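The data block below is structure.cif; it holds mmCIF, N, CA and C atoms.
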```
data_work
loop_
_atom_site.label_atom_id
_atom_site.label_comp_id
_atom_site.auth_asym_id
_atom_site.auth_seq_id
_atom_site.Cartn_x
_atom_site.Cartn_y
_atom_site.Cartn_z
N MET A 1 -7.42 6.40 10.24
CA MET A 1 -6.47 5.77 9.33
C MET A 1 -6.44 4.26 9.60
N SER A 2 -6.53 3.47 8.55
CA SER A 2 -6.54 2.02 8.73
C SER A 2 -5.12 1.50 8.96
N GLN A 3 -5.06 0.37 9.66
CA GLN A 3 -3.77 -0.25 9.94
C GLN A 3 -3.27 -0.98 8.70
N LEU A 4 -1.97 -0.93 8.48
CA LEU A 4 -1.35 -1.68 7.40
C LEU A 4 -1.44 -3.16 7.75
N ARG A 5 -2.00 -3.94 6.85
CA ARG A 5 -2.13 -5.38 7.08
C ARG A 5 -1.00 -6.10 6.38
N ILE A 6 -0.43 -7.06 7.07
CA ILE A 6 0.66 -7.85 6.53
C ILE A 6 0.17 -9.27 6.39
N GLY A 7 0.03 -9.72 5.16
CA GLY A 7 -0.47 -11.07 4.93
C GLY A 7 -1.85 -11.28 5.50
N GLY A 8 -2.67 -10.23 5.51
CA GLY A 8 -4.03 -10.33 6.04
C GLY A 8 -4.12 -10.13 7.54
N LEU A 9 -3.00 -9.86 8.19
CA LEU A 9 -2.96 -9.68 9.64
C LEU A 9 -2.65 -8.23 9.99
N THR A 10 -3.30 -7.72 11.04
CA THR A 10 -2.94 -6.41 11.54
C THR A 10 -1.58 -6.52 12.22
N PRO A 11 -0.91 -5.40 12.46
CA PRO A 11 0.38 -5.48 13.16
C PRO A 11 0.28 -6.18 14.52
N ARG A 12 -0.78 -5.94 15.27
CA ARG A 12 -0.95 -6.59 16.59
C ARG A 12 -1.14 -8.09 16.41
N GLU A 13 -1.97 -8.49 15.43
CA GLU A 13 -2.18 -9.91 15.17
C GLU A 13 -0.88 -10.58 14.72
N LEU A 14 -0.10 -9.89 13.90
CA LEU A 14 1.17 -10.45 13.46
C LEU A 14 2.10 -10.68 14.65
N GLY A 15 2.11 -9.76 15.60
CA GLY A 15 2.92 -9.94 16.81
C GLY A 15 2.51 -11.18 17.58
N ILE A 16 1.21 -11.40 17.68
CA ILE A 16 0.70 -12.59 18.37
C ILE A 16 1.08 -13.84 17.60
N MET A 17 0.96 -13.79 16.27
CA MET A 17 1.33 -14.94 15.45
C MET A 17 2.81 -15.27 15.60
N GLU A 18 3.65 -14.26 15.70
CA GLU A 18 5.09 -14.50 15.91
C GLU A 18 5.31 -15.35 17.16
N VAL A 19 4.58 -15.03 18.22
CA VAL A 19 4.70 -15.80 19.46
C VAL A 19 4.18 -17.22 19.25
N LEU A 20 3.04 -17.34 18.59
CA LEU A 20 2.46 -18.67 18.38
C LEU A 20 3.34 -19.54 17.48
N TRP A 21 3.99 -18.94 16.50
CA TRP A 21 4.87 -19.72 15.62
C TRP A 21 6.08 -20.26 16.38
N LYS A 22 6.46 -19.62 17.48
CA LYS A 22 7.60 -20.08 18.27
C LYS A 22 7.23 -21.22 19.21
N HIS A 23 5.95 -21.40 19.46
CA HIS A 23 5.48 -22.42 20.40
C HIS A 23 4.56 -23.41 19.68
N ALA A 24 4.60 -24.65 20.09
CA ALA A 24 3.65 -25.63 19.56
C ALA A 24 2.24 -25.27 20.01
N ALA A 25 2.15 -24.79 21.24
CA ALA A 25 0.89 -24.33 21.82
C ALA A 25 1.23 -23.25 22.84
N ALA A 26 0.35 -22.25 22.97
CA ALA A 26 0.64 -21.15 23.88
C ALA A 26 -0.62 -20.71 24.61
N SER A 27 -0.44 -20.36 25.86
CA SER A 27 -1.52 -19.79 26.66
C SER A 27 -1.52 -18.28 26.48
N VAL A 28 -2.53 -17.62 27.01
CA VAL A 28 -2.56 -16.16 26.99
C VAL A 28 -1.32 -15.61 27.69
N GLN A 29 -0.92 -16.24 28.79
CA GLN A 29 0.27 -15.80 29.52
C GLN A 29 1.52 -15.95 28.67
N ASP A 30 1.62 -17.05 27.93
CA ASP A 30 2.77 -17.25 27.03
C ASP A 30 2.83 -16.15 25.99
N VAL A 31 1.67 -15.81 25.42
CA VAL A 31 1.61 -14.74 24.42
C VAL A 31 2.00 -13.42 25.06
N GLN A 32 1.46 -13.16 26.22
CA GLN A 32 1.78 -11.92 26.94
C GLN A 32 3.28 -11.82 27.21
N ASP A 33 3.88 -12.90 27.64
CA ASP A 33 5.32 -12.92 27.91
C ASP A 33 6.14 -12.73 26.63
N GLY A 34 5.64 -13.25 25.51
CA GLY A 34 6.38 -13.20 24.26
C GLY A 34 6.30 -11.87 23.52
N LEU A 35 5.31 -11.06 23.85
CA LEU A 35 5.17 -9.76 23.19
C LEU A 35 6.13 -8.76 23.80
N GLY A 36 6.64 -7.88 22.99
CA GLY A 36 7.59 -6.87 23.48
C GLY A 36 6.94 -5.82 24.35
N ASP A 37 5.69 -5.47 24.07
CA ASP A 37 5.01 -4.47 24.88
C ASP A 37 4.04 -5.16 25.84
N ARG A 38 3.54 -4.42 26.76
CA ARG A 38 2.65 -5.01 27.76
C ARG A 38 1.20 -4.81 27.36
N LEU A 39 0.52 -5.90 27.09
CA LEU A 39 -0.91 -5.89 26.86
C LEU A 39 -1.57 -6.64 28.01
N GLU A 40 -2.73 -6.21 28.40
CA GLU A 40 -3.48 -6.92 29.43
C GLU A 40 -3.92 -8.28 28.90
N GLY A 41 -4.02 -9.24 29.79
CA GLY A 41 -4.46 -10.58 29.40
C GLY A 41 -5.82 -10.56 28.73
N SER A 42 -6.72 -9.70 29.22
CA SER A 42 -8.07 -9.63 28.64
C SER A 42 -8.01 -9.14 27.19
N THR A 43 -7.10 -8.22 26.90
CA THR A 43 -6.94 -7.72 25.52
C THR A 43 -6.41 -8.83 24.63
N ILE A 44 -5.44 -9.57 25.13
CA ILE A 44 -4.88 -10.69 24.35
C ILE A 44 -5.95 -11.75 24.10
N ARG A 45 -6.75 -12.05 25.12
CA ARG A 45 -7.83 -13.03 24.97
C ARG A 45 -8.80 -12.58 23.87
N THR A 46 -9.16 -11.30 23.89
CA THR A 46 -10.08 -10.76 22.89
C THR A 46 -9.48 -10.87 21.50
N LEU A 47 -8.22 -10.49 21.36
CA LEU A 47 -7.55 -10.58 20.06
C LEU A 47 -7.49 -12.02 19.57
N LEU A 48 -7.18 -12.94 20.47
CA LEU A 48 -7.12 -14.36 20.09
C LEU A 48 -8.49 -14.88 19.67
N GLN A 49 -9.55 -14.42 20.35
CA GLN A 49 -10.91 -14.83 19.96
C GLN A 49 -11.24 -14.32 18.56
N ILE A 50 -10.88 -13.07 18.27
CA ILE A 50 -11.11 -12.50 16.94
C ILE A 50 -10.31 -13.28 15.90
N MET A 51 -9.06 -13.58 16.22
CA MET A 51 -8.22 -14.33 15.30
C MET A 51 -8.76 -15.74 15.07
N GLU A 52 -9.36 -16.32 16.09
CA GLU A 52 -9.97 -17.64 15.93
C GLU A 52 -11.19 -17.55 15.01
N GLU A 53 -11.99 -16.50 15.18
CA GLU A 53 -13.15 -16.31 14.31
C GLU A 53 -12.72 -16.12 12.86
N LYS A 54 -11.57 -15.50 12.64
CA LYS A 54 -11.05 -15.29 11.29
C LYS A 54 -10.41 -16.56 10.71
N GLY A 55 -10.22 -17.58 11.55
CA GLY A 55 -9.61 -18.83 11.10
C GLY A 55 -8.09 -18.84 11.15
N HIS A 56 -7.49 -17.88 11.87
CA HIS A 56 -6.03 -17.82 11.98
C HIS A 56 -5.48 -18.71 13.08
N VAL A 57 -6.25 -18.93 14.14
CA VAL A 57 -5.80 -19.74 15.27
C VAL A 57 -6.91 -20.70 15.69
N THR A 58 -6.53 -21.69 16.46
CA THR A 58 -7.50 -22.59 17.07
C THR A 58 -7.21 -22.62 18.56
N SER A 59 -8.22 -23.01 19.34
CA SER A 59 -8.03 -23.06 20.79
C SER A 59 -8.66 -24.31 21.37
N TRP A 60 -8.20 -24.67 22.56
CA TRP A 60 -8.74 -25.79 23.30
C TRP A 60 -8.40 -25.57 24.77
N LYS A 61 -9.05 -26.35 25.61
CA LYS A 61 -8.83 -26.25 27.06
C LYS A 61 -7.84 -27.32 27.51
N GLU A 62 -6.92 -26.91 28.34
CA GLU A 62 -6.06 -27.83 29.08
C GLU A 62 -6.26 -27.47 30.54
N GLY A 63 -7.09 -28.27 31.21
CA GLY A 63 -7.47 -27.91 32.57
C GLY A 63 -8.33 -26.67 32.51
N ARG A 64 -7.88 -25.64 33.22
CA ARG A 64 -8.62 -24.37 33.23
C ARG A 64 -8.01 -23.34 32.26
N THR A 65 -6.97 -23.75 31.55
CA THR A 65 -6.25 -22.82 30.69
C THR A 65 -6.64 -23.01 29.23
N ASN A 66 -6.93 -21.91 28.56
CA ASN A 66 -7.15 -21.95 27.11
C ASN A 66 -5.78 -21.95 26.45
N MET A 67 -5.60 -22.87 25.52
CA MET A 67 -4.37 -22.97 24.75
C MET A 67 -4.68 -22.60 23.30
N TYR A 68 -3.68 -22.04 22.64
CA TYR A 68 -3.86 -21.57 21.26
C TYR A 68 -2.69 -22.04 20.40
N ARG A 69 -2.99 -22.25 19.12
CA ARG A 69 -1.94 -22.51 18.14
C ARG A 69 -2.37 -21.91 16.82
N SER A 70 -1.38 -21.61 16.01
CA SER A 70 -1.62 -21.02 14.70
C SER A 70 -2.18 -22.06 13.74
N LEU A 71 -3.09 -21.62 12.90
CA LEU A 71 -3.60 -22.47 11.82
C LEU A 71 -3.00 -22.08 10.48
N ILE A 72 -2.23 -20.99 10.46
CA ILE A 72 -1.58 -20.56 9.23
C ILE A 72 -0.07 -20.52 9.45
N ALA A 73 0.65 -20.99 8.47
CA ALA A 73 2.10 -21.05 8.57
C ALA A 73 2.73 -19.69 8.25
N ARG A 74 3.89 -19.48 8.82
CA ARG A 74 4.62 -18.23 8.58
C ARG A 74 4.85 -18.00 7.08
N ASP A 75 5.25 -19.05 6.35
CA ASP A 75 5.53 -18.87 4.93
C ASP A 75 4.28 -18.50 4.15
N GLN A 76 3.12 -18.95 4.59
CA GLN A 76 1.85 -18.58 3.96
C GLN A 76 1.61 -17.07 4.11
N VAL A 77 1.87 -16.54 5.31
CA VAL A 77 1.71 -15.11 5.56
C VAL A 77 2.74 -14.32 4.77
N GLU A 78 3.98 -14.82 4.73
CA GLU A 78 5.03 -14.13 3.97
C GLU A 78 4.66 -14.04 2.50
N ARG A 79 4.20 -15.16 1.92
CA ARG A 79 3.83 -15.18 0.50
C ARG A 79 2.69 -14.20 0.23
N SER A 80 1.70 -14.20 1.10
CA SER A 80 0.55 -13.32 0.93
C SER A 80 0.96 -11.86 1.03
N ALA A 81 1.80 -11.54 2.01
CA ALA A 81 2.26 -10.16 2.19
C ALA A 81 3.08 -9.70 1.00
N LEU A 82 3.97 -10.55 0.55
CA LEU A 82 4.83 -10.19 -0.58
C LEU A 82 4.01 -10.00 -1.85
N SER A 83 3.10 -10.90 -2.11
CA SER A 83 2.25 -10.81 -3.28
C SER A 83 1.43 -9.52 -3.25
N SER A 84 0.87 -9.22 -2.11
CA SER A 84 0.07 -8.00 -1.95
C SER A 84 0.92 -6.75 -2.17
N MET A 85 2.11 -6.73 -1.60
CA MET A 85 2.99 -5.57 -1.74
C MET A 85 3.41 -5.38 -3.19
N ILE A 86 3.75 -6.46 -3.87
CA ILE A 86 4.16 -6.35 -5.28
C ILE A 86 3.02 -5.80 -6.12
N LYS A 87 1.81 -6.28 -5.86
CA LYS A 87 0.65 -5.80 -6.63
C LYS A 87 0.32 -4.35 -6.31
N ARG A 88 0.23 -4.03 -5.01
CA ARG A 88 -0.26 -2.71 -4.60
C ARG A 88 0.78 -1.62 -4.72
N VAL A 89 2.03 -1.91 -4.40
CA VAL A 89 3.05 -0.88 -4.32
C VAL A 89 3.90 -0.81 -5.59
N PHE A 90 4.15 -1.97 -6.20
CA PHE A 90 5.07 -2.02 -7.34
C PHE A 90 4.38 -2.35 -8.66
N GLY A 91 3.07 -2.13 -8.72
CA GLY A 91 2.34 -2.33 -9.97
C GLY A 91 2.43 -3.72 -10.52
N GLY A 92 2.63 -4.71 -9.66
CA GLY A 92 2.71 -6.10 -10.11
C GLY A 92 4.08 -6.52 -10.58
N SER A 93 5.07 -5.64 -10.44
CA SER A 93 6.41 -5.94 -10.95
C SER A 93 7.37 -6.35 -9.84
N ALA A 94 7.70 -7.64 -9.82
CA ALA A 94 8.70 -8.13 -8.86
C ALA A 94 10.06 -7.52 -9.16
N ALA A 95 10.34 -7.25 -10.44
CA ALA A 95 11.61 -6.63 -10.82
C ALA A 95 11.73 -5.23 -10.22
N ALA A 96 10.62 -4.49 -10.16
CA ALA A 96 10.64 -3.15 -9.56
C ALA A 96 10.93 -3.26 -8.06
N LEU A 97 10.36 -4.26 -7.42
CA LEU A 97 10.64 -4.48 -5.99
C LEU A 97 12.12 -4.79 -5.78
N LEU A 98 12.65 -5.69 -6.59
CA LEU A 98 14.06 -6.07 -6.48
C LEU A 98 14.97 -4.86 -6.74
N ALA A 99 14.64 -4.07 -7.75
CA ALA A 99 15.44 -2.87 -8.05
C ALA A 99 15.43 -1.91 -6.86
N ARG A 100 14.27 -1.72 -6.24
CA ARG A 100 14.18 -0.83 -5.08
C ARG A 100 14.99 -1.38 -3.92
N MET A 101 14.96 -2.68 -3.72
CA MET A 101 15.72 -3.29 -2.63
C MET A 101 17.22 -3.10 -2.84
N VAL A 102 17.68 -3.20 -4.08
CA VAL A 102 19.09 -2.97 -4.38
C VAL A 102 19.43 -1.49 -4.16
N GLU A 103 18.58 -0.60 -4.67
CA GLU A 103 18.80 0.84 -4.50
C GLU A 103 18.90 1.24 -3.03
N GLU A 104 18.06 0.64 -2.22
CA GLU A 104 18.03 0.97 -0.79
C GLU A 104 19.03 0.15 0.02
N GLU A 105 19.83 -0.65 -0.67
CA GLU A 105 20.87 -1.48 -0.07
C GLU A 105 20.32 -2.52 0.91
N HIS A 106 19.09 -3.00 0.62
CA HIS A 106 18.53 -4.10 1.41
C HIS A 106 18.98 -5.45 0.86
N VAL A 107 19.41 -5.45 -0.41
CA VAL A 107 19.91 -6.65 -1.05
C VAL A 107 21.23 -6.30 -1.72
N ASP A 108 22.23 -7.06 -1.41
CA ASP A 108 23.55 -6.87 -2.00
C ASP A 108 23.55 -7.43 -3.42
N VAL A 109 24.23 -6.77 -4.31
CA VAL A 109 24.31 -7.22 -5.71
C VAL A 109 24.89 -8.64 -5.77
N GLY A 110 25.81 -8.98 -4.87
CA GLY A 110 26.36 -10.33 -4.82
C GLY A 110 25.29 -11.38 -4.56
N VAL A 111 24.33 -11.04 -3.74
CA VAL A 111 23.21 -11.96 -3.46
C VAL A 111 22.41 -12.17 -4.74
N LEU A 112 22.19 -11.10 -5.48
CA LEU A 112 21.47 -11.23 -6.74
C LEU A 112 22.23 -12.11 -7.73
N ASP A 113 23.55 -11.97 -7.76
CA ASP A 113 24.36 -12.82 -8.64
C ASP A 113 24.21 -14.28 -8.26
N ASP A 114 24.21 -14.58 -6.95
CA ASP A 114 24.01 -15.95 -6.49
C ASP A 114 22.64 -16.48 -6.91
N LEU A 115 21.62 -15.65 -6.76
CA LEU A 115 20.27 -16.05 -7.16
C LEU A 115 20.20 -16.33 -8.65
N ARG A 116 20.82 -15.47 -9.44
CA ARG A 116 20.84 -15.65 -10.89
C ARG A 116 21.51 -16.97 -11.24
N SER A 117 22.62 -17.27 -10.59
CA SER A 117 23.33 -18.53 -10.86
C SER A 117 22.43 -19.72 -10.55
N ARG A 118 21.74 -19.66 -9.42
CA ARG A 118 20.84 -20.76 -9.04
C ARG A 118 19.72 -20.93 -10.04
N LEU A 119 19.16 -19.81 -10.48
CA LEU A 119 18.06 -19.88 -11.43
C LEU A 119 18.50 -20.44 -12.78
N LEU A 120 19.69 -20.10 -13.19
CA LEU A 120 20.20 -20.59 -14.48
C LEU A 120 20.51 -22.08 -14.45
N LYS A 121 20.81 -22.61 -13.26
CA LYS A 121 21.11 -24.05 -13.13
C LYS A 121 19.84 -24.89 -13.23
N GLU A 122 18.70 -24.31 -12.88
CA GLU A 122 17.44 -25.09 -12.86
C GLU A 122 16.83 -25.23 -14.21
#
```
Could you take the file, read its structure, and then write that structure out as structure tokens?
Amino acid sequence: MSQLRIGGLTPRELGIMEVLWKHAAASVQDVQDGLGDRLEGSTIRTLLQIMEEKGHVTSWKEGRTNMYRSLIARDQVERSALSSMIKRVFGGSAAALLARMVEEEHVDVGVLDDLRSRLLKE
């Protein structure tokens, strides 16, 4: 079974990106410390190398330590994930997504009223 990708990232890659987005630059140890579960440093290094090959991160040396930073912004990943979900799950209908969010009580109707007011002002 394939992993669900969020904004083009696997769940493990997304976890690493979350850590990188919190730091201007991070070492493998920083990433390891920032992840909720325990991954070996060698596994994190391998994942970071793959992510660098994909163009998601960049790396450089500071002394003997490899440092990493994200090349993609959080909002870019959010937009990509949302667009993909609307297309694949909701048949391209943002209204269907919004209706489901209201039905599941993920969005309060009051929030929708505020959004409507903002949209009407523009």
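Residues in contact with range 29-46 of chain A at 8 Å, where all atoms listed in the file are counted and same-chain residues fewer than 5 positions away are skipped, are listed as Gly15, Ile16, Glu18, Val19, Leu20, Met51, Glu52 and Asn66 of chain A.
The two atoms in question, atom N of Arg100 in chain A and atom C of Ile72 in chain A, are spaced 28.4 Å apart.
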From atom N of Gly8 in chain A to atom N of Glu78 in chain A the spacing works out at 8.1 Å
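Residue-level DSSP output for chain A, from the backbone, shows strand (DSSP E) at Ala26, Ser27, Val57, Thr58, Ser59, Trp60, Lys61, Glu62, Thr65, Asn66, Met67, Tyr68, Arg69 and Ser70 of chain A.
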Can you check which residues of chain A DSSP gives as alpha helix (DSSP H) on the backbone and send them as number ranges by chain? A: 11-22, 28-34, 41-53, 74-89, 94-103, 109-121
